[in-house]
$ cat work_25.tsv   # TSV, C-alpha atoms
chain	number	residue	atom	x	y	z
A	11	MET	CA	54.57	-308.77	-138.89
A	12	SER	CA	56.30	-306.46	-136.45
A	13	ASN	CA	56.09	-302.73	-136.74
A	14	PRO	CA	59.15	-301.59	-138.74
A	15	PHE	CA	59.20	-298.25	-136.90
A	16	LYS	CA	59.81	-299.60	-133.41
A	17	ASN	CA	63.46	-299.45	-134.38
A	18	PRO	CA	65.22	-296.34	-135.73
A	19	ALA	CA	64.71	-295.63	-139.43
A	20	VAL	CA	67.21	-297.13	-141.84
A	21	LYS	CA	69.52	-294.51	-143.25
A	22	ARG	CA	70.09	-294.10	-146.99
A	23	THR	CA	73.74	-295.14	-146.67
A	24	GLN	CA	72.66	-298.43	-145.10
A	25	LEU	CA	70.05	-298.97	-147.82
A	26	ARG	CA	72.62	-298.42	-150.55
A	27	LEU	CA	74.72	-301.27	-149.13
A	28	LYS	CA	71.84	-303.74	-149.57
A	29	THR	CA	71.22	-305.72	-152.72
A	30	MET	CA	68.21	-305.15	-154.95
A	31	LYS	CA	66.74	-308.43	-153.71
A	32	ALA	CA	67.04	-307.33	-150.09
A	33	LEU	CA	65.58	-303.90	-150.90
A	34	LYS	CA	62.56	-305.45	-152.65
A	35	ALA	CA	61.98	-307.73	-149.67
A	36	LEU	CA	62.12	-304.70	-147.36
A	37	ALA	CA	59.70	-302.82	-149.61
A	38	LEU	CA	57.22	-305.70	-149.52
A	39	SER	CA	57.39	-305.82	-145.73
A	40	MET	CA	56.56	-302.11	-145.58
A	41	GLY	CA	53.36	-302.53	-147.61
A	42	ILE	CA	54.63	-301.76	-151.14
A	43	LYS	CA	52.78	-304.55	-152.97
A	44	ARG	CA	54.63	-304.33	-156.29
A	45	PRO	CA	57.86	-302.31	-156.22
A	46	SER	CA	57.98	-300.78	-159.70
A	47	ALA	CA	61.48	-299.26	-159.53
A	48	THR	CA	64.23	-300.94	-161.54
A	49	ARG	CA	67.10	-298.76	-160.28
A	50	LYS	CA	68.41	-298.99	-156.75
A	51	GLU	CA	68.10	-295.24	-156.09
A	52	ASP	CA	64.46	-295.20	-157.25
A	53	LEU	CA	63.64	-298.18	-155.04
A	54	ILE	CA	65.31	-296.45	-152.08
A	55	GLU	CA	63.12	-293.39	-152.70
A	56	GLU	CA	59.99	-295.60	-152.66
A	57	ILE	CA	61.11	-297.17	-149.38
A	58	LYS	CA	61.74	-293.77	-147.77
A	59	ALA	CA	58.33	-292.51	-148.95
A	60	ALA	CA	56.61	-295.59	-147.49
A	61	GLU	CA	58.60	-295.05	-144.31
A	62	LYS	CA	57.12	-291.56	-143.90
A	63	ILE	CA	53.56	-292.84	-144.49
A	64	LEU	CA	53.93	-295.63	-141.92
A	65	LYS	CA	55.39	-293.24	-139.37
A	66	HIS	CA	52.44	-290.90	-139.90
A	67	LYS	CA	49.91	-293.73	-139.48
A	68	HIS	CA	51.68	-295.07	-136.37
A	69	GLY	CA	51.70	-291.58	-134.82
A	70	ARG	CA	47.98	-291.09	-135.48
A	71	ALA	CA	47.18	-294.48	-133.94
A	72	ARG	CA	49.08	-293.56	-130.77
A	73	SER	CA	47.40	-290.14	-130.50
A	74	ALA	CA	43.95	-291.71	-130.99
A	75	ALA	CA	44.59	-294.16	-128.12
A	76	GLN	CA	45.54	-291.48	-125.59
A	77	PRO	CA	42.01	-289.99	-124.99
A	78	LYS	CA	40.73	-293.44	-124.03
A	79	LYS	CA	43.32	-293.72	-121.27
A	80	ALA	CA	42.51	-290.22	-120.05
A	81	ALA	CA	38.76	-291.02	-119.90
A	82	THR	CA	39.45	-294.22	-117.90
A	83	GLY	CA	41.63	-292.26	-115.50
A	84	ARG	CA	38.88	-289.69	-114.92
A	85	ALA	CA	36.36	-292.45	-114.19
A	86	LYS	CA	38.70	-294.03	-111.65
A	87	THR	CA	39.30	-290.67	-110.01
A	88	ALA	CA	35.58	-290.04	-109.76
A	89	THR	CA	35.10	-293.47	-108.23
A	90	SER	CA	37.83	-292.93	-105.64
A	91	ARG	CA	36.40	-289.55	-104.66
A	92	ALA	CA	32.91	-290.89	-104.25
A	93	ALA	CA	33.97	-294.02	-102.30
A	94	PRO	CA	34.48	-292.32	-98.87
A	95	LYS	CA	30.79	-291.32	-98.80
A	96	GLN	CA	29.86	-294.99	-98.45
A	97	THR	CA	32.07	-295.45	-95.31
A	98	LEU	CA	30.54	-292.51	-93.35
A	99	SER	CA	27.44	-294.47	-92.34
A	100	PRO	CA	28.34	-298.17	-91.95
A	101	ALA	CA	25.08	-298.91	-90.10
A	102	LYS	CA	22.98	-298.12	-93.14
A	103	PRO	CA	22.54	-300.86	-95.71
A	104	ALA	CA	24.51	-300.41	-98.86
A	105	PRO	CA	22.27	-299.10	-101.65
A	106	THR	CA	21.77	-300.91	-104.88
A	107	PRO	CA	24.77	-300.29	-107.19
A	108	ARG	CA	22.53	-299.07	-109.99
A	109	ARG	CA	21.27	-296.15	-107.86
A	110	THR	CA	24.56	-294.90	-106.41
A	111	PRO	CA	26.27	-291.83	-107.87
A	112	THR	CA	29.48	-293.84	-108.02
A	113	SER	CA	27.87	-296.48	-110.22
A	114	ARG	CA	26.37	-293.84	-112.48
A	115	ARG	CA	29.73	-292.17	-112.91
A	116	ARG	CA	31.40	-295.47	-113.63
A	117	ILE	CA	29.11	-296.45	-116.51
A	118	SER	CA	28.72	-292.98	-118.05
A	119	ALA	CA	31.64	-292.24	-120.38
A	120	PRO	CA	32.05	-288.76	-121.92
A	121	LEU	CA	30.17	-288.71	-125.21
A	122	PRO	CA	31.81	-287.20	-128.31
A	123	PRO	CA	30.18	-284.12	-129.81
A	124	PRO	CA	27.60	-284.74	-132.53
A	125	VAL	CA	29.18	-285.19	-135.94
A	126	SER	CA	27.79	-283.37	-138.94
A	127	ALA	CA	28.84	-283.14	-142.55
A	128	PRO	CA	31.96	-280.97	-142.87
A	129	THR	CA	31.85	-277.67	-144.70
A	130	THR	CA	35.39	-276.31	-144.37
A	131	ALA	CA	37.41	-279.50	-143.94
A	132	SER	CA	40.45	-279.96	-146.16
A	133	PHE	CA	40.57	-282.97	-148.45
A	134	GLU	CA	43.16	-284.30	-150.85
A	135	HIS	CA	40.32	-284.58	-153.40
A	136	LYS	CA	39.90	-280.84	-153.67
A	137	PHE	CA	37.12	-280.90	-156.27
A	138	GLU	CA	34.93	-283.56	-154.58
A	139	THR	CA	32.28	-282.74	-152.00
A	140	PRO	CA	32.14	-285.65	-149.53
A	141	SER	CA	28.70	-286.96	-148.66
A	142	HIS	CA	29.86	-288.79	-145.55
A	143	PRO	CA	30.43	-287.28	-142.05
A	144	LEU	CA	33.95	-287.09	-140.71
A	145	PRO	CA	34.94	-289.49	-137.92
A	146	PRO	CA	35.48	-287.95	-134.46
A	147	ASN	CA	39.27	-287.86	-134.87
A	148	GLY	CA	38.95	-285.53	-137.88
A	149	GLY	CA	40.24	-288.04	-140.46
A	150	SER	CA	38.64	-289.03	-143.72
A	151	PRO	CA	38.40	-292.29	-145.67
A	152	TYR	CA	39.95	-290.36	-148.58
A	153	ASP	CA	43.16	-289.66	-146.64
A	154	ASN	CA	46.41	-291.42	-147.53
A	155	LEU	CA	45.20	-293.06	-150.72
A	156	GLY	CA	48.79	-293.33	-151.91
A	157	GLU	CA	50.45	-292.10	-155.07
A	158	LEU	CA	49.10	-292.55	-158.57
A	159	PRO	CA	50.67	-295.49	-160.42
A	160	GLU	CA	53.27	-294.79	-163.05
A	161	ALA	CA	51.17	-296.70	-165.57
A	162	TYR	CA	47.81	-298.51	-165.61
A	163	GLY	CA	48.83	-301.24	-168.04
A	164	THR	CA	46.04	-300.67	-170.57
A	165	GLY	CA	48.44	-301.37	-173.45
A	166	ARG	CA	47.28	-298.36	-175.48
A	167	LEU	CA	49.30	-296.00	-177.66
A	168	PHE	CA	48.24	-292.35	-177.91
A	169	PHE	CA	49.22	-289.90	-180.68
A	170	ALA	CA	48.48	-286.15	-180.56
A	171	ALA	CA	49.70	-283.33	-182.81
A	172	ARG	CA	51.30	-280.62	-180.69
A	173	ASP	CA	51.92	-278.18	-183.56
A	174	PRO	CA	52.48	-278.37	-187.33
A	175	HIS	CA	55.85	-280.13	-186.96
A	176	TRP	CA	55.73	-282.08	-183.68
A	177	ILE	CA	53.71	-285.13	-182.54
A	178	TYR	CA	53.47	-286.31	-178.94
A	179	ALA	CA	53.33	-290.08	-178.34
A	180	TYR	CA	52.52	-291.86	-175.06
A	181	TRP	CA	52.19	-295.59	-174.34
A	182	ASP	CA	50.54	-297.05	-171.22
A	183	TYR	CA	52.50	-300.13	-170.15
A	184	THR	CA	53.68	-301.21	-166.71
A	185	VAL	CA	57.30	-302.04	-165.95
A	186	GLN	CA	56.50	-305.76	-165.93
A	187	GLN	CA	54.82	-305.55	-169.35
A	188	VAL	CA	57.77	-303.66	-170.81
A	189	GLU	CA	60.24	-306.20	-169.41
A	190	GLU	CA	58.28	-309.08	-170.94
A	191	MET	CA	58.36	-307.42	-174.36
A	192	ARG	CA	62.08	-306.70	-174.04
A	193	ARG	CA	62.78	-310.34	-173.27
A	194	ALA	CA	60.81	-311.33	-176.38
A	195	ALA	CA	62.59	-308.75	-178.57
A	196	ARG	CA	65.49	-309.89	-180.71
A	197	HIS	CA	67.97	-307.36	-179.31
A	198	GLY	CA	65.95	-306.25	-176.30
A	199	ASP	CA	64.88	-303.01	-178.02
A	200	LEU	CA	61.38	-301.59	-178.28
A	201	LYS	CA	60.44	-299.58	-181.35
A	202	LEU	CA	58.05	-296.76	-182.21
A	203	ARG	CA	56.96	-296.62	-185.85
A	204	ILE	CA	55.34	-293.58	-187.46
A	205	TYR	CA	53.28	-293.95	-190.64
A	206	ALA	CA	52.31	-291.06	-192.94
A	207	GLY	CA	48.60	-291.75	-193.37
A	208	ARG	CA	45.45	-292.91	-191.62
A	209	ASP	CA	45.34	-296.70	-192.27
A	210	VAL	CA	47.63	-299.73	-192.59
A	211	SER	CA	48.29	-298.99	-196.26
A	212	ALA	CA	50.22	-295.84	-195.33
A	213	PRO	CA	54.01	-295.91	-195.92
A	214	LEU	CA	56.46	-296.10	-193.03
A	215	PHE	CA	57.65	-292.57	-192.28
A	216	GLN	CA	60.03	-293.04	-189.32
A	217	GLU	CA	61.22	-295.70	-186.86
A	218	ILE	CA	62.60	-294.82	-183.42
A	219	THR	CA	64.50	-297.06	-180.98
A	220	LEU	CA	63.21	-296.23	-177.51
A	221	THR	CA	65.24	-295.91	-174.32
A	222	PRO	CA	64.45	-298.46	-171.56
A	223	SER	CA	62.92	-295.95	-169.13
A	224	SER	CA	60.87	-293.87	-171.59
A	225	HIS	CA	57.06	-293.74	-171.48
A	226	ASN	CA	56.51	-290.92	-174.01
A	227	TRP	CA	58.27	-289.31	-176.97
A	228	PHE	CA	58.19	-286.11	-179.00
A	229	ILE	CA	58.45	-286.84	-182.74
A	230	GLN	CA	59.52	-284.20	-185.22
A	231	VAL	CA	57.81	-284.47	-188.60
A	232	GLU	CA	58.45	-282.43	-191.73
A	233	ARG	CA	54.90	-282.44	-193.03
A	234	SER	CA	52.20	-280.09	-191.83
A	235	ASP	CA	48.50	-280.47	-192.56
A	236	ALA	CA	49.01	-284.25	-192.80
A	237	ASP	CA	47.80	-287.46	-191.13
A	238	PHE	CA	50.01	-289.74	-189.03
A	239	TYR	CA	49.53	-292.81	-186.86
A	240	GLY	CA	51.96	-294.95	-184.88
A	241	GLU	CA	52.76	-298.52	-183.85
A	242	PHE	CA	54.47	-299.67	-180.65
A	243	GLY	CA	56.28	-303.01	-180.73
A	244	TYR	CA	59.53	-304.91	-181.31
A	245	TYR	CA	61.33	-307.27	-183.68
A	246	ASN	CA	60.96	-310.91	-182.63
A	247	ALA	CA	63.55	-313.68	-182.99
A	248	GLN	CA	62.49	-314.28	-186.63
A	249	GLY	CA	63.08	-310.62	-187.53
A	250	GLU	CA	59.37	-309.83	-187.88
A	251	PHE	CA	57.90	-306.71	-186.32
A	252	ALA	CA	55.41	-307.62	-183.59
A	253	VAL	CA	52.84	-304.87	-183.05
A	254	ALA	CA	51.88	-304.47	-179.40
A	255	SER	CA	49.53	-301.50	-179.93
A	256	ARG	CA	48.47	-299.12	-182.68
A	257	SER	CA	47.36	-295.51	-182.20
A	258	ARG	CA	44.51	-293.66	-183.79
A	259	PRO	CA	45.47	-291.25	-186.57
A	260	THR	CA	46.22	-287.63	-185.74
A	261	HIS	CA	46.29	-284.61	-188.03
A	262	THR	CA	48.99	-281.94	-187.82
A	263	PRO	CA	47.73	-278.36	-188.29
A	264	ALA	CA	48.68	-276.33	-191.35
A	265	ASP	CA	51.88	-274.28	-191.31
A	266	ARG	CA	50.13	-271.16	-192.61
A	267	MET	CA	47.45	-268.67	-191.69
A	268	SER	CA	43.95	-270.05	-191.57
A	269	ASP	CA	41.53	-269.21	-194.35
A	270	ARG	CA	38.64	-268.87	-191.90
A	271	LYS	CA	37.45	-265.32	-191.35
A	272	ASP	CA	34.37	-265.98	-189.23
A	273	ALA	CA	35.89	-264.83	-185.93
A	274	ARG	CA	33.65	-262.33	-184.15
A	275	PHE	CA	34.40	-259.95	-181.30
A	276	VAL	CA	32.03	-258.31	-178.87
A	277	THR	CA	32.54	-255.86	-175.97
A	278	ILE	CA	30.88	-256.94	-172.71
A	279	PRO	CA	31.43	-254.38	-169.92
A	280	PHE	CA	32.30	-255.60	-166.45
A	281	HIS	CA	30.28	-252.97	-164.58
A	282	ILE	CA	26.93	-253.97	-166.15
A	283	ARG	CA	25.23	-257.17	-165.04
A	284	PHE	CA	24.12	-259.78	-167.53
A	285	HIS	CA	20.44	-259.43	-166.78
A	286	GLU	CA	20.76	-255.66	-167.40
A	287	LEU	CA	22.43	-256.33	-170.77
A	288	PHE	CA	19.66	-258.81	-171.56
A	289	GLU	CA	16.99	-256.20	-170.85
A	290	MET	CA	18.78	-253.72	-173.16
A	291	VAL	CA	18.63	-256.05	-176.15
A	292	ARG	CA	15.55	-258.15	-175.33
A	293	ALA	CA	13.58	-256.75	-178.29
A	294	HIS	CA	16.41	-257.47	-180.79
A	295	PHE	CA	16.81	-261.24	-180.27
A	296	ARG	CA	16.45	-263.56	-183.25
A	297	ASP	CA	15.75	-267.29	-183.24
A	298	GLY	CA	18.70	-269.31	-181.95
A	299	GLU	CA	20.81	-266.30	-180.94
A	300	GLU	CA	22.73	-266.02	-177.71
A	301	LEU	CA	23.37	-262.80	-175.81
A	302	ALA	CA	26.86	-262.42	-177.28
A	303	ASP	CA	25.46	-262.89	-180.82
A	304	VAL	CA	22.96	-260.08	-180.34
A	305	LEU	CA	25.58	-257.76	-178.83
A	306	HIS	CA	27.97	-258.47	-181.71
A	307	ARG	CA	25.35	-257.77	-184.35
A	308	LEU	CA	24.12	-254.56	-182.72
A	309	GLN	CA	27.62	-253.24	-182.02
A	310	ALA	CA	28.66	-253.90	-185.63
A	311	ALA	CA	25.61	-251.89	-186.75
A	312	GLY	CA	26.51	-248.96	-184.46
A	313	PHE	CA	23.75	-249.45	-181.89
A	314	ARG	CA	23.92	-246.88	-179.07
A	315	PHE	CA	24.80	-248.56	-175.76
A	316	PRO	CA	25.42	-246.83	-172.40
A	317	PHE	CA	29.07	-247.92	-172.59
A	318	GLU	CA	31.93	-247.54	-175.04
A	319	TYR	CA	32.88	-250.32	-177.41
A	320	GLY	CA	35.18	-250.71	-180.40
A	321	LEU	CA	33.97	-251.64	-183.87
A	322	GLU	CA	35.57	-254.43	-185.86
A	323	PRO	CA	38.16	-253.12	-188.32
A	324	GLY	CA	37.42	-253.67	-191.97
A	325	TRP	CA	40.51	-255.37	-193.42
A	326	SER	CA	41.27	-254.71	-197.06
A	327	ALA	CA	42.79	-257.34	-199.36
A	328	GLU	CA	46.15	-255.52	-199.28
A	329	GLN	CA	46.17	-255.42	-195.48
A	330	GLU	CA	45.42	-259.13	-195.28
A	331	ARG	CA	48.25	-259.84	-197.75
A	332	LYS	CA	50.72	-257.83	-195.67
A	333	LEU	CA	49.63	-259.51	-192.45
A	334	GLY	CA	50.12	-262.92	-194.06
A	335	SER	CA	53.61	-261.98	-195.19
A	336	TYR	CA	54.62	-261.08	-191.63
A	337	PHE	CA	53.69	-264.55	-190.32
A	338	LYS	CA	56.23	-266.59	-192.21
A	339	ALA	CA	56.87	-270.31	-191.72
A	340	GLU	CA	59.99	-269.62	-189.68
A	341	LEU	CA	57.95	-267.86	-187.00
A	342	LEU	CA	55.49	-270.74	-186.64
A	343	ARG	CA	58.34	-273.22	-186.19
A	344	PHE	CA	59.54	-271.62	-182.96
A	345	ILE	CA	58.82	-274.34	-180.43
A	346	GLN	CA	58.54	-272.21	-177.28
A	347	SER	CA	56.98	-269.03	-178.65
A	348	GLY	CA	53.69	-267.94	-177.10
A	349	SER	CA	51.22	-265.19	-177.91
A	350	VAL	CA	53.17	-262.59	-175.91
A	351	GLN	CA	56.41	-263.31	-177.80
A	352	VAL	CA	54.58	-263.24	-181.13
A	353	ALA	CA	52.98	-259.88	-180.27
A	354	GLN	CA	56.35	-258.42	-179.25
A	355	TRP	CA	57.89	-259.61	-182.50
A	356	LEU	CA	55.00	-258.43	-184.67
A	357	ARG	CA	54.54	-254.94	-183.14
A	358	PRO	CA	57.75	-253.30	-184.47
A	359	THR	CA	57.60	-255.33	-187.69
A	360	ALA	CA	54.08	-254.28	-188.64
A	361	SER	CA	54.14	-250.74	-187.30
A	362	GLY	CA	52.97	-248.38	-189.98
A	363	GLY	CA	52.41	-251.13	-192.53
A	364	LEU	CA	48.79	-251.91	-191.75

$ encode --input "work_25.tsv" --output "structure tokens"
Amino acid sequence: MSNPFKNPAVKRTQLRLKTMKALKALALSMGIKRPSATRKEDLIEEIKAAEKILKHKHGRARSAAQPKKAATGRAKTATSRAAPKQTLSPAKPAPTPRRTPTSRRRISAPLPPPVSAPTTASFEHKFETPSHPLPPNGGSPYDNLGELPEAYGTGRLFFAARDPHWIYAYWDYTVQQVEEMRRAARHGDLKLRIYAGRDVSAPLFQEITLTPSSHNWFIQVERSDADFYGEFGYYNAQGEFAVASRSRPTHTPADRMSDRKDARFVTIPFHIRFHELFEMVRAHFRDGEELADVLHRLQAAGFRFPFEYGLEPGWSAEQERKLGSYFKAELLRFIQSGSVQVAQWLRPTASGGL
């Protein structure tokens, strides 16, 4: 197959005039094994991305070939410079080619520097330490691995509770798998069913008709502190629901303050090293305790340390009741509220009350 980049790159306006069949054929010729795009604009973006990768590879191949030509040219130059020495004394017999400086220069090519394992090279796999040496041109076998696929086609459905009133669903199907299920569906629609429970005896809670291009969904539920699981599938020609995959159950957290009161806090100063802290409390360790456990216990008892620390406040029953009244259900239902927003809301509300 000829190199597609010997000719100028195809512009987007020219690509938009082509049919989807012609675009897929062009994508296959450029190395895209299975074009996954179903819209023309998405397929054009894949073609342009492959175009950049091929241009980059073609440019690297040309740059790698240039040093070889330069080395050959230097050898020829050395040969031509050394040749006149042989014509100065025609009466002498010509020496053996293996012993002449010209012959030595002709067979000795410049050797590349010794290659060792890289220490500061940049890799796309930023958290992997390569065990192989880099090739002389500075590339790596991990370069240009391509983009991650949109789906792996495992056919699994995942459910996860995001907060007390929202569940996140994700299904792993390729475009070809989704199209096959849509052709088998009665009206071409795929469905997501949500059941309020942990097993198949649970009642149907909600049914959602999915859009053709969706791979995930956020589901709003009214029940907190409850179990849910889902089914991904479609209605067949007989009107029966065909289950393609079923998720594991997930549990939504409670929409109230937790009853647990076993949270512990300890002050660990930054200017004192851990081995120095360990020496301070070495004699106070108990079986199974960590350093933070010992520091917490000693600080709660008022142990004298060479640094300042705050003691845990003793909350009364009335203070706990007031704090619980401030955190109402409406506050927990804010979808995009973080700890900073909660603290800003709570500070003027609870000032003077606790």

$ atom_distance --input "work_25.tsv" --atom1 "atom CA of A:Leu64" --atom2 "atom CA of A:Glu157"
14.1 Å

$ atom_distance --input "work_25.tsv" --atom1 "atom CA of A:Ser335" --atom2 "atom CA of A:Arg274"
22.8 Å

$ atom_distance --input "work_25.tsv" --atom1 "atom CA of A:Trp227" --atom2 "atom CA of A:Arg193"
21.8 Å

$ residues_around --input "work_25.tsv" --residues "stretch 160-172 of chain A" --least-positions-apart "2" --cutoff "8 Å" --atoms "all atoms listed in the file" --output "list in words"
Leu158, Pro174, His175, Trp176, Ile177, Tyr178, Ala179, Tyr180, Trp181, Asp182, Tyr183, Thr184, Gln187, Tyr239, Gly240, Glu241, Phe242, Ala254, Ser255, Arg256, Ser257, Arg258, Pro259, Thr260, His261, Thr262 and Pro263 of chain A

$ closest_residue --input "work_25.tsv" --among "A:Arg331, A:Lys201, A:Lys58, A:Arg49" --to "A:Leu25" --atoms "all atoms listed in the file"
A:Lys58

$ closest_residue --input "work_25.tsv" --among "A:Phe238, A:Tyr244, A:Tyr152, A:Phe295" --to "A:Glu190" --atoms "only C-alpha atoms"
A:Tyr244

$ closest_residue --input "work_25.tsv" --among "A:Arg296, A:Val188, A:Thr219, A:Ala236" --to "A:Tyr205" --atoms "all atoms listed in the file"
A:Ala236

$ residues_around --input "work_25.tsv" --residues "A:His197" --least-positions-apart "6" --cutoff "10 Å" --atoms "all atoms listed in the file" --output "PyMOL selection string"
chain A and resi 244-247

$ residues_near_point --input "work_25.tsv" --point "(58.2, -294.4, -187.4)" --cutoff "7 Å" --atoms "all atoms listed in the file" --output "PyMOL selection string"
chain A and resi 202-205+214-218+240

$ closest_residue --input "work_25.tsv" --among "A:Ile63, A:Ala264, A:Met191, A:Met290" --to "A:Leu155" --atoms "all atoms listed in the file"
A:Ile63

$ closest_residue --input "work_25.tsv" --among "A:Ala206, A:Leu33, A:Ile57, A:Leu301" --to "A:Val231" --atoms "only C-alpha atoms"
A:Ala206
